[in-house]
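Novice: Right, I'll just put the structure down here and ask away after.
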Amino acid sequence: MAWTPAQESFMAAYMRNPQRSSGPLFAVDKLLLPEEIVYEYVSGTLKNDAFPILMVTNRRVLYTERKLFRGWVITAELAAHQVAGASYERRWITGRIHVDGHEGSRITCKVRLGQQDVEWSQYMVTLIQQLTTGRRSTGY
């Protein structure tokens with residue numbers, strides 16, 4: 001059976017990701033359209049027995065969480081054309097990636113503060129900001 005572009009691109013992103021130990025590997029079909037292309041994702045801090053995922057695709061930025069009975073679900077999303085910008089905020093215990101929409105909406109993902117996690121989070125912010133201009137980075 002052939003893989004969809006969503007499955008192939010998520011697996012490629014998974015292999016590039018320094019946080020590769022976590023991610024909704026088995027939920028890609030439920031979360032993404034078959035023709036959607038995953039650019040990158042970042043794992044958030046532990047929440048409800050799982051690590052939420054902030055994912056950037058060619059169509060949108062989405063925040064997913066694993067729920068007890070429903071499995072992986074999209075809890076927030078912004079279409080690529082609605083993304084106004086992104087920022088990284090370092091707090092005392094965790095960091096935050098904020099994705100801002102044009103209509104005032106905001107997605108926030110708490111992230112870990114390890115050196116590699118901070119670098120990856122800042123890379124993700126740069127990638128999300130490039131969505132606003134229509135350009136995309138080719139890699140980490």
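How things are named: the first chain in the structure tokens is A, the next is B, and so on; residues count from 1 in each chain; ligands count from 1 in the order shown.
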Write out as a PyMOL selection string all residues of chain A that backbone DSSP assigns to strand (DSSP E or B).
Specialist: chain A and resi 38-43+47+50+53-57+60-67+71-79+83-90+95-101+106-111
Novice: Hey, what's within 12 Å of Ala86 of chain A if we count only C-alpha atoms and toss same-chain stuff fewer than 5 positions away? As a ChimeraX atom specification, please?
Specialist: /A:56,61,78,96-102,105-109,121-132
Novice: Of the candidates A:Leu31, A:Ile93, A:Val111, A:Ile37, which one gets nearest to Ala76 of chain A if we count only C-alpha atoms?
Specialist: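 Going through A:Leu31, A:Ile93, A:Val111, A:Ile37 one by one, the smallest distance to Ala76 of chain A is for A:Leu31.
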Novice: Using only C-alpha atoms, find the one residue out of A:Ser43, A:Ser87, A:Gln82, A:Thr64 that sits nearest to Lys110 of chain A.
Specialist: A:Ser43
Novice: Taking only C-alpha atoms into account, which of A:Val73, A:Val118, A:Ala84, A:Ala6 comes nearest Gln19 of chain A?
Specialist: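 Once distances to Gln19 of chain A are computed over only C-alpha atoms, the minimum belongs to A:Val118.
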Novice: Among chain A, which ones does DSSP place in helix (DSSP H, G or I), written as an NGL selection string?
Specialist: :A and (5-16 or 25-31 or 80-82 or 115-133)
Novice: Using only C-alpha atoms, which of the listed residues (A:Glu65, A:Ala12, A:Val28, A:Tyr39) sits closest to Phe51 of chain A?
Specialist: A:Glu65
Novice: Have a look at A:Ala2, A:Ala27, A:Ala80, A:Met15 and name the one nearest to Arg59 of chain A; count only C-alpha atoms.
Specialist: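 Of A:Ala2, A:Ala27, A:Ala80, A:Met15, the one nearest Arg59 of chain A, counting only C-alpha atoms, is A:Ala80.
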